[in-house]
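> One file is attached below, entry_8.cif, containing mmCIF, C-alpha atoms.
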data_protein
#
loop_
_atom_site.label_atom_id
_atom_site.label_comp_id
_atom_site.auth_asym_id
_atom_site.auth_seq_id
_atom_site.Cartn_x
_atom_site.Cartn_y
_atom_site.Cartn_z
CA MET L 1 77.64 -140.85 135.45
CA LEU L 2 78.38 -142.71 138.68
CA LYS L 3 80.74 -145.59 139.18
CA HIS L 4 81.31 -148.03 141.99
CA ALA L 5 83.20 -146.90 145.05
CA SER L 6 86.87 -146.28 145.23
CA ASP L 7 89.78 -146.48 142.85
CA ARG L 8 91.93 -148.62 145.14
CA SER L 9 92.61 -152.12 143.90
CA PRO L 10 90.50 -154.84 145.58
CA GLY L 11 93.71 -156.74 146.41
CA ASN L 12 92.83 -158.97 149.36
CA LYS L 13 89.74 -157.05 150.49
CA LYS L 14 87.95 -160.29 151.30
CA ILE L 15 84.99 -160.41 153.66
CA ALA L 16 82.21 -162.79 154.69
CA ILE L 17 78.75 -161.69 155.83
CA ALA L 18 76.33 -163.46 158.18
CA THR L 19 73.09 -162.00 159.55
CA CYS L 20 69.76 -163.36 160.75
CA CYS L 21 67.91 -161.75 157.82
CA ASP L 22 68.48 -162.95 154.25
CA ALA L 23 67.43 -159.60 152.79
CA PHE L 24 69.84 -157.72 155.08
CA THR L 25 72.65 -160.08 154.07
CA GLU L 26 71.83 -159.55 150.39
CA LEU L 27 71.88 -155.77 150.79
CA LEU L 28 75.21 -155.83 152.60
CA LYS L 29 76.74 -158.07 149.94
CA ILE L 30 75.68 -155.78 147.09
CA LEU L 31 76.81 -152.68 149.00
CA LEU L 32 80.24 -154.12 149.81
CA ILE L 33 80.73 -155.36 146.25
CA SER L 34 80.06 -151.78 145.10
CA TRP L 35 82.85 -150.79 147.53
CA ARG L 36 85.05 -153.40 145.76
CA TYR L 37 85.15 -156.02 148.49
CA GLU L 38 85.22 -159.69 147.55
CA ILE L 39 82.48 -161.69 149.29
CA CYS L 40 83.71 -165.08 150.52
CA ASP L 41 82.70 -168.15 152.51
CA SER L 42 82.46 -167.31 156.22
CA ALA L 43 84.13 -170.52 157.42
CA ARG L 44 87.72 -169.41 156.80
CA GLN L 45 90.20 -168.17 159.37
CA ASP L 46 91.85 -165.73 156.95
CA ILE L 47 88.57 -163.96 155.99
CA LEU L 48 87.13 -161.09 158.01
CA LEU L 49 83.60 -161.91 159.17
CA LEU L 50 80.95 -159.18 159.31
CA ALA L 51 78.24 -160.77 161.43
CA GLU L 52 75.08 -159.91 163.30
CA GLU L 53 75.54 -160.79 166.95
CA GLY L 54 73.95 -164.13 167.82
CA CYS L 55 73.62 -165.17 164.16
CA ALA L 56 77.06 -166.62 163.40
CA GLU L 57 79.93 -168.49 164.99
CA PRO L 58 83.40 -167.56 163.72
CA VAL L 59 86.00 -170.26 163.23
CA ALA L 60 88.94 -170.31 165.65
CA GLY L 61 91.20 -167.31 165.14
CA GLN L 62 88.88 -165.55 162.70
CA SER L 63 88.61 -161.74 162.92
CA VAL L 64 85.05 -160.46 163.35
CA VAL L 65 83.20 -157.16 163.15
CA TRP L 66 80.00 -157.65 165.13
CA LEU L 67 76.73 -155.90 164.32
CA THR L 68 75.19 -155.45 167.74
CA ARG L 69 72.11 -153.98 169.39
CA SER L 70 74.37 -152.51 172.06
CA LYS L 71 75.00 -148.76 171.92
CA TYR L 72 78.73 -149.37 172.47
CA GLN L 73 80.91 -149.34 169.35
CA GLY L 74 84.59 -150.09 168.84
CA ALA L 75 87.11 -151.46 166.39
CA ASP L 76 85.19 -154.76 166.23
CA ARG L 77 81.60 -153.65 166.98
CA LEU L 78 79.01 -151.59 165.11
CA SER L 79 75.71 -150.57 166.64
CA MET L 80 72.42 -151.26 164.91
CA PRO L 81 70.48 -149.65 163.32
CA LEU L 82 73.59 -149.43 161.18
CA GLU L 83 75.03 -146.16 159.86
CA ILE L 84 76.57 -146.64 156.44
CA GLU L 85 79.46 -144.23 157.01
CA ASN L 86 80.40 -146.08 160.22
CA LEU L 87 80.53 -149.33 158.26
CA TRP L 88 82.73 -147.68 155.61
CA GLN L 89 85.13 -146.38 158.26
CA ILE L 90 85.53 -149.58 160.27
CA LEU L 91 86.31 -151.57 157.10
CA GLU L 92 88.74 -148.88 155.90
CA HIS L 93 90.69 -149.29 159.14
CA ARG L 94 90.88 -153.03 158.52
CA TYR L 95 92.14 -152.87 154.96
CA HIS L 96 93.79 -149.53 154.21
CA ARG L 97 96.71 -147.55 155.59
CA PRO L 98 96.09 -144.73 155.93
CA PRO L 99 92.33 -145.27 156.16
CA ARG L 100 90.06 -142.85 154.35
CA MET L 101 87.58 -141.55 156.91
CA HIS L 102 85.16 -140.02 154.41
CA ILE L 103 82.90 -142.14 152.23
CA ARG L 104 83.62 -141.52 148.57
CA MET L 105 82.67 -142.64 145.09
CA ASP L 106 84.24 -142.86 141.68
CA VAL L 107 82.26 -140.56 139.39
CA ASP L 108 82.24 -139.17 135.88
CA LEU L 109 80.66 -135.85 136.73
CA ASP L 110 80.67 -132.42 135.09
CA ALA L 111 81.81 -129.49 137.23
CA SER L 112 83.25 -126.01 136.87
CA VAL L 113 86.36 -124.56 138.45
CA ILE L 114 87.44 -120.93 138.75
CA VAL L 115 91.22 -120.57 138.47
CA ASP L 116 92.78 -117.11 138.44
CA GLN L 117 89.35 -115.59 137.75
CA GLU L 118 88.80 -117.83 134.72
CA THR L 119 85.95 -120.37 134.69
CA MET L 120 86.63 -123.75 133.07
CA LYS L 121 84.76 -127.03 132.71
CA VAL L 122 86.22 -130.20 134.23
CA ARG L 123 85.03 -133.77 134.84
CA LEU L 124 85.36 -135.14 138.34
CA SER L 125 86.61 -138.72 138.68
CA SER L 126 86.29 -139.07 142.48
CA LEU L 127 84.15 -137.28 145.07
CA SER L 128 83.79 -137.25 148.86
CA ASP L 129 82.33 -134.77 151.31
CA MET L 130 85.82 -133.32 151.85
CA GLY L 131 87.36 -133.24 148.39
CA CYS L 132 87.47 -134.41 144.80
CA ARG L 133 89.80 -135.39 141.96
CA PHE L 134 89.84 -134.41 138.29
CA SER L 135 92.21 -134.16 135.32
CA PHE L 136 93.18 -130.75 133.99
CA ASP L 137 94.98 -129.22 131.02
CA ARG L 138 97.22 -126.76 132.85
CA GLU L 139 99.78 -126.58 135.62
CA LEU L 140 98.52 -126.09 139.18
CA VAL L 141 100.49 -125.93 142.41
CA ARG L 142 99.85 -127.12 145.95
CA GLU L 143 97.85 -124.75 148.13
CA GLN L 144 96.49 -122.91 145.08
CA GLN L 145 92.98 -121.61 145.72
CA ILE L 146 90.19 -122.82 143.43
CA SER L 147 86.42 -122.41 143.50
CA LEU L 148 84.41 -125.49 142.49
CA ALA L 149 80.78 -125.65 141.34
CA LEU L 150 78.91 -128.92 140.82
CA SER L 151 75.46 -130.45 140.72
CA PHE L 152 75.07 -133.84 142.41
CA SER L 153 71.82 -135.75 143.03
CA GLY L 154 69.91 -132.59 142.20
CA GLU L 155 71.84 -130.46 144.70
CA ILE L 156 73.88 -127.48 143.43
CA LEU L 157 77.02 -126.71 145.44
CA ASN L 158 79.66 -123.96 145.23
CA ILE L 159 82.72 -124.69 147.35
CA ASP L 160 86.01 -122.87 147.94
CA SER L 161 88.86 -125.39 147.66
CA ARG L 162 92.62 -125.71 147.61
CA VAL L 163 94.93 -127.95 145.61
CA ILE L 164 96.52 -130.74 147.68
CA TYR L 165 98.31 -132.42 144.76
CA ALA L 166 98.81 -131.99 141.01
CA HIS L 167 100.49 -134.98 139.32
CA HIS L 168 101.57 -135.04 135.68
CA LEU L 169 100.08 -137.82 133.55
CA SER L 170 101.03 -138.94 130.05
CA ALA L 171 102.14 -136.09 127.79
CA ALA L 172 99.91 -137.58 125.09
CA SER L 173 96.77 -136.75 127.08
CA ASP L 174 94.90 -133.47 126.60
CA GLN L 175 94.16 -133.49 130.32
CA ASN L 176 97.67 -134.24 131.56
CA VAL L 177 97.54 -133.07 135.18
CA ARG L 178 95.64 -135.06 137.81
CA VAL L 179 94.44 -132.68 140.51
CA GLY L 180 93.25 -133.37 144.03
CA LEU L 181 91.20 -130.73 145.83
CA LEU L 182 90.42 -130.32 149.51
CA PHE L 183 87.17 -128.49 150.20
CA ARG L 184 88.55 -125.68 152.34
CA GLY L 185 85.43 -123.50 152.54
CA ILE L 186 82.80 -126.20 152.83
CA THR L 187 80.05 -125.62 155.39
CA LYS L 188 78.54 -128.25 157.67
CA ASP L 189 75.32 -128.15 155.65
CA GLN L 190 77.23 -128.68 152.40
CA ARG L 191 79.17 -131.59 153.90
CA ASP L 192 75.98 -133.18 155.19
CA THR L 193 74.38 -132.75 151.76
CA LEU L 194 77.34 -134.30 149.92
CA ARG L 195 77.60 -137.19 152.38
CA SER L 196 73.88 -137.87 152.08
CA CYS L 197 74.06 -137.74 148.28
CA LEU L 198 76.89 -140.29 148.24
CA ILE L 199 74.99 -142.62 150.57
CA LEU L 200 71.89 -142.21 148.41
CA GLN L 201 73.77 -143.11 145.24
CA TYR L 202 75.18 -146.27 146.79
CA LEU L 203 71.74 -147.31 148.00
CA GLU L 204 70.27 -146.63 144.56
CA ILE L 205 72.84 -149.06 143.16
CA VAL L 206 71.77 -151.63 145.75
CA ARG L 207 68.05 -151.05 145.18
CA SER L 208 68.45 -151.61 141.43
CA GLU L 209 69.74 -155.12 142.15
CA MET L 210 67.19 -156.22 144.78
CA ALA L 211 63.52 -157.14 144.72
CA PRO L 212 61.58 -154.10 146.07
CA GLU L 213 60.09 -155.95 149.04
CA ARG L 214 63.47 -157.33 150.08
CA PHE L 215 65.11 -153.92 149.81
CA CYS L 216 62.38 -152.35 151.98
CA LYS L 217 62.80 -155.08 154.59
CA ALA L 218 66.60 -154.79 154.66
CA ILE L 219 66.77 -150.99 154.72
CA GLU L 220 64.97 -151.02 158.09
CA LYS L 221 68.27 -152.21 159.57
CA PHE L 222 69.89 -148.83 158.82
CA ASN L 223 69.84 -145.41 160.42
CA LEU L 224 69.77 -143.10 157.38
CA PRO L 225 69.87 -139.30 156.98
CA GLU L 226 66.44 -137.74 156.52
CA PHE L 227 67.44 -136.54 153.04
CA VAL L 228 68.17 -140.14 151.99
CA CYS L 229 64.89 -141.46 153.42
CA GLN L 230 62.94 -138.80 151.54
CA LYS L 231 64.69 -139.54 148.24
CA LEU L 232 64.17 -143.28 148.66
CA GLY L 233 60.53 -142.79 149.66
CA ILE L 234 60.85 -144.70 152.93
#
Would you write the structure of this file as structure tokens?


Amino acid sequence: MLKHASDRSPGNKKIAIATCCDAFTELLKILLISWRYEICDSARQDILLLAEEGCAEPVAGQSVVWLTRSKYQGADRLSMPLEIENLWQILEHRYHRPPRMHIRMDVDLDASVIVDQETMKVRLSSLSDMGCRFSFDRELVREQQISLALSFSGEILNIDSRVIYAHHLSAASDQNVRVGLLFRGITKDQRDTLRSCLILQYLEIVRSEMAPERFCKAIEKFNLPEFVCQKLGI
């Protein structure tokens, strides 16, 4: 089972969106809501504006991230066609310290881990192309080596990992250690596959909430991995 985006509290993750295409604006709104942003009125100085260049006029003093046809990108500019991971990263830098550079998703996903030559079932609660999080019923230590096996969006992956944290939860829980893994032995192909699967899952969430013709029109504004295009049938 998949959930929406990250486990960080929305807090004041407020953003306004303005583009020249209603379908594109709708897609961005649904996508950012799935990332737990609050969509607001654009005419406010204290709200970050995500705007297509030439399609909006910020109020005095308002911070803006421009979507531009220029090939030059920066802290306040994103090139179009838009890459979803670039959008994730530029907003992370605006709202989170430290920013998380790798797109991720809350999940409820079966996996297997091999610890000290023993294979055990776990359920992942968070997944990115560089690591994951799950709860466990035994003590683990930092830097401990673990092998992880999972199936995600029809792709089967086996990845060598290491523990980066193991925090104790309530003693009343059967799974009383929260474990974070870093994918130490992940290959470039595996990272690309995981990243593409995460992007695909977010876009499937968006597609389920849009009229098909509007989704097809809006998705043309994005530069997507070939794997994602094939799965979406575009």

> With only C-alpha atoms counted and 10 Å as the cut-off, give the residues of segment 151-216 of chain L in contact with segment 21-41 of chain L, each with its shortest interatomic distance in Å and the pair that gives it, as CSV.


residue,atom,partner,partner_atom,distance
L:Tyr202,CA,L:Leu31,CA,7.0
L:Leu203,CA,L:Leu31,CA,7.5
L:Glu204,CA,L:Leu31,CA,10.0
L:Ile205,CA,L:Leu31,CA,7.9
L:Val206,CA,L:Ile30,CA,5.9
L:Arg207,CA,L:Leu27,CA,8.3
L:Glu209,CA,L:Ile30,CA,7.8
L:Met210,CA,L:Leu27,CA,7.6
L:Ala211,CA,L:Ala23,CA,9.3
L:Glu213,CA,L:Ala23,CA,9.0
L:Arg214,CA,L:Ala23,CA,5.3
L:Phe215,CA,L:Ala23,CA,6.8
L:Cys216,CA,L:Ala23,CA,8.9

> Please dump the current selection as a CSV table (one decimal), in the frame of the given file; keep C-alpha atoms.


chain,number,residue,atom,x,y,z
L,202,TYR,CA,75.2,-146.3,146.8
L,203,LEU,CA,71.7,-147.3,148.0
L,204,GLU,CA,70.3,-146.6,144.6
L,205,ILE,CA,72.8,-149.1,143.2
L,206,VAL,CA,71.8,-151.6,145.8
L,207,ARG,CA,68.0,-151.0,145.2
L,209,GLU,CA,69.7,-155.1,142.2
L,210,MET,CA,67.2,-156.2,144.8
L,211,ALA,CA,63.5,-157.1,144.7
L,213,GLU,CA,60.1,-156.0,149.0
L,214,ARG,CA,63.5,-157.3,150.1
L,215,PHE,CA,65.1,-153.9,149.8
L,216,CYS,CA,62.4,-152.4,152.0

> For the interface of segment 60-99 of chain L with segment 104-110 of chain L (cut-off 12 Å, counting only C-alpha atoms), please tabulate each contacting residue of segment 60-99 of chain L alongside its nearest pair of atoms and their separation in Å to one decimal, rows sorted by chain and increasing number, as CSV.


residue,atom,partner,partner_atom,distance
L:Ile84,CA,L:Arg104,CA,11.7
L:Glu85,CA,L:Arg104,CA,9.8
L:Trp88,CA,L:Arg104,CA,9.4
L:Gln89,CA,L:Arg104,CA,10.9
L:Glu92,CA,L:Arg104,CA,11.6

> With a distance cut-off of 6 Å and all atoms listed in the file, select the neighbouring residues of segment 192-197 of chain L, excluding the residue or stretch itself and same-chain residues fewer than 3 positions from it, and output the selection as number ranges by chain.

L: 129, 189, 200

> Could you tell me which of L:Arg133, L:Arg138, L:Lys231, L:Arg178 comes closest to Ser161 of chain L if we count all atoms listed in the file?

L:Arg133

> When you draw a straight line from atom CA of Ser79 of chain L to atom CA of Phe183 of chain L, how long is it in Å?

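So the answer is 29.8 Å.
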
> Determine the nearest neighbour of Phe152 of chain L from the options L:Val113, L:Ile199, L:Leu49, L:Ile164, counting all atoms listed in the file.

L:Ile199

> Identify all residues satisfying the PyMOL selection byres ((chain L and resi 53) around 6) in the given file; provide them as a ChimeraX atom specification.

/L:52,54-55,66-68

> Report the distance between atom CA of Phe134 of chain L and atom CA of Tyr95 of chain L in Å, rounded to one decimal place.

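Pair atom CA of Phe134 of chain L / atom CA of Tyr95 of chain L returns 25.0 Å.
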
> Using only C-alpha atoms, which of L:Ile186, L:Ile90, L:Ala16, L:Ala60 sits nearest Gly131 of chain L?

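Smallest separation from Gly131 of chain L among the options: L:Ile186.
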
> Which one of L:Ser128, L:Ser153, L:Asn176, L:Ser63 sits closest to Ile103 of chain L if you count all atoms listed in the file?

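Of L:Ser128, L:Ser153, L:Asn176, L:Ser63, the one nearest Ile103 of chain L is L:Ser128, counting all atoms listed in the file.
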
> Counting only C-alpha atoms, which residues sit no farther than 12 Å from the position (83.5, -129.9, 133.8) in the file's frame? I'd like them as a PyMOL selection string.

chain L and resi 108-114+119-125+133-137+148-151+175

> What separation in Å, quoted to one decimal, exists between atom CA of Ala56 of chain L and atom CA of Phe222 of chain L?

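Between atom CA of Ala56 of chain L and atom CA of Phe222 of chain L the gap works out to 19.7 Å.
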
> Choose the residue, out of L:Ile234, L:Gln201, L:Gly74, L:His102, that has the smallest atom-to-atom separation from Gly154 of chain L; count all atoms listed in the file.

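With all atoms listed in the file as the atom set, the closest residue is L:Gln201.
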
> Report as number ranges by chain the residues that result from applying the PyMOL selection byres ((chain L and resi 160) around 6) to the structure here.

L: 147, 159, 161, 184-185

> Would you fill the gaps in segment 83-94 of chain L so it has all heavy atoms, then print it as a short mmCIF file (atom, residue, chain, number, x, y, z; two decimals), keeping the file's coordinate frame?


data_model
loop_
_atom_site.label_atom_id
_atom_site.label_comp_id
_atom_site.auth_asym_id
_atom_site.auth_seq_id
_atom_site.Cartn_x
_atom_site.Cartn_y
_atom_site.Cartn_z
N GLU L 83 74.76 -147.36 160.65
CA GLU L 83 75.03 -146.16 159.86
C GLU L 83 76.07 -146.50 158.80
O GLU L 83 77.15 -147.03 159.11
CB GLU L 83 75.52 -145.03 160.76
CG GLU L 83 74.45 -144.56 161.74
CD GLU L 83 74.81 -143.26 162.43
OE1 GLU L 83 75.82 -142.63 162.03
OE2 GLU L 83 74.08 -142.87 163.36
N ILE L 84 75.74 -146.21 157.55
CA ILE L 84 76.57 -146.64 156.44
C ILE L 84 77.98 -146.07 156.53
O ILE L 84 78.97 -146.77 156.25
CB ILE L 84 75.90 -146.27 155.10
CG1 ILE L 84 74.70 -147.21 154.87
CG2 ILE L 84 76.88 -146.37 153.93
CD1 ILE L 84 73.93 -146.96 153.62
N GLU L 85 78.12 -144.82 156.92
CA GLU L 85 79.46 -144.23 157.01
C GLU L 85 80.29 -144.91 158.09
O GLU L 85 81.51 -145.08 157.93
CB GLU L 85 79.39 -142.73 157.26
CG GLU L 85 80.73 -142.05 157.03
CD GLU L 85 80.62 -140.54 156.96
OE1 GLU L 85 79.75 -139.98 157.65
OE2 GLU L 85 81.40 -139.92 156.22
N ASN L 86 79.67 -145.34 159.19
CA ASN L 86 80.40 -146.08 160.22
C ASN L 86 80.92 -147.41 159.69
O ASN L 86 82.04 -147.84 160.01
CB ASN L 86 79.52 -146.31 161.45
CG ASN L 86 79.25 -145.04 162.22
OD1 ASN L 86 79.94 -144.04 162.05
ND2 ASN L 86 78.24 -145.05 163.08
N LEU L 87 80.10 -148.07 158.88
CA LEU L 87 80.53 -149.33 158.26
C LEU L 87 81.71 -149.08 157.33
O LEU L 87 82.70 -149.82 157.35
CB LEU L 87 79.37 -149.96 157.50
CG LEU L 87 79.68 -151.24 156.72
CD1 LEU L 87 80.16 -152.34 157.64
CD2 LEU L 87 78.44 -151.68 155.91
N TRP L 88 81.62 -148.05 156.51
CA TRP L 88 82.73 -147.68 155.61
C TRP L 88 84.02 -147.49 156.41
O TRP L 88 85.07 -148.03 156.06
CB TRP L 88 82.36 -146.40 154.86
CG TRP L 88 83.48 -145.77 154.10
CD1 TRP L 88 84.47 -144.98 154.61
CD2 TRP L 88 83.75 -145.87 152.70
NE1 TRP L 88 85.33 -144.57 153.62
CE2 TRP L 88 84.92 -145.10 152.44
CE3 TRP L 88 83.12 -146.51 151.64
CZ2 TRP L 88 85.45 -144.97 151.15
CZ3 TRP L 88 83.66 -146.38 150.36
CH2 TRP L 88 84.80 -145.63 150.14
N GLN L 89 83.93 -146.74 157.50
CA GLN L 89 85.13 -146.38 158.26
C GLN L 89 85.76 -147.58 158.95
O GLN L 89 86.99 -147.74 158.92
CB GLN L 89 84.78 -145.29 159.29
CG GLN L 89 84.46 -143.95 158.66
CD GLN L 89 83.91 -142.95 159.66
OE1 GLN L 89 83.62 -143.27 160.80
NE2 GLN L 89 83.75 -141.71 159.22
N ILE L 90 84.95 -148.45 159.54
CA ILE L 90 85.53 -149.58 160.27
C ILE L 90 86.21 -150.55 159.31
O ILE L 90 87.25 -151.14 159.64
CB ILE L 90 84.46 -150.29 161.13
CG1 ILE L 90 85.13 -151.05 162.28
CG2 ILE L 90 83.58 -151.22 160.32
CD1 ILE L 90 84.16 -151.54 163.34
N LEU L 91 85.67 -150.69 158.09
CA LEU L 91 86.31 -151.57 157.10
C LEU L 91 87.55 -150.91 156.52
O LEU L 91 88.54 -151.59 156.23
CB LEU L 91 85.32 -151.93 156.00
CG LEU L 91 84.12 -152.77 156.44
CD1 LEU L 91 83.22 -153.08 155.27
CD2 LEU L 91 84.56 -154.06 157.15
N GLU L 92 87.54 -149.59 156.34
CA GLU L 92 88.74 -148.88 155.90
C GLU L 92 89.90 -149.12 156.85
O GLU L 92 91.04 -149.34 156.43
CB GLU L 92 88.45 -147.38 155.81
CG GLU L 92 87.78 -146.94 154.53
CD GLU L 92 88.74 -146.88 153.36
OE1 GLU L 92 89.84 -146.32 153.52
OE2 GLU L 92 88.39 -147.40 152.29
N HIS L 93 89.62 -149.07 158.15
CA HIS L 93 90.69 -149.29 159.14
C HIS L 93 91.23 -150.71 159.07
O HIS L 93 92.39 -150.94 159.42
CB HIS L 93 90.16 -148.99 160.54
CG HIS L 93 90.19 -147.53 160.89
ND1 HIS L 93 91.33 -146.90 161.32
CD2 HIS L 93 89.23 -146.59 160.86
CE1 HIS L 93 91.08 -145.62 161.54
NE2 HIS L 93 89.81 -145.40 161.27
N ARG L 94 90.42 -151.64 158.62
CA ARG L 94 90.88 -153.03 158.52
C ARG L 94 91.76 -153.26 157.30
O ARG L 94 92.65 -154.12 157.34
CB ARG L 94 89.66 -153.96 158.43
CG ARG L 94 88.81 -154.01 159.69
CD ARG L 94 89.45 -154.91 160.72
NE ARG L 94 88.63 -155.01 161.92
CZ ARG L 94 88.62 -156.07 162.72
NH1 ARG L 94 89.40 -157.12 162.42
NH2 ARG L 94 87.89 -156.08 163.80
#
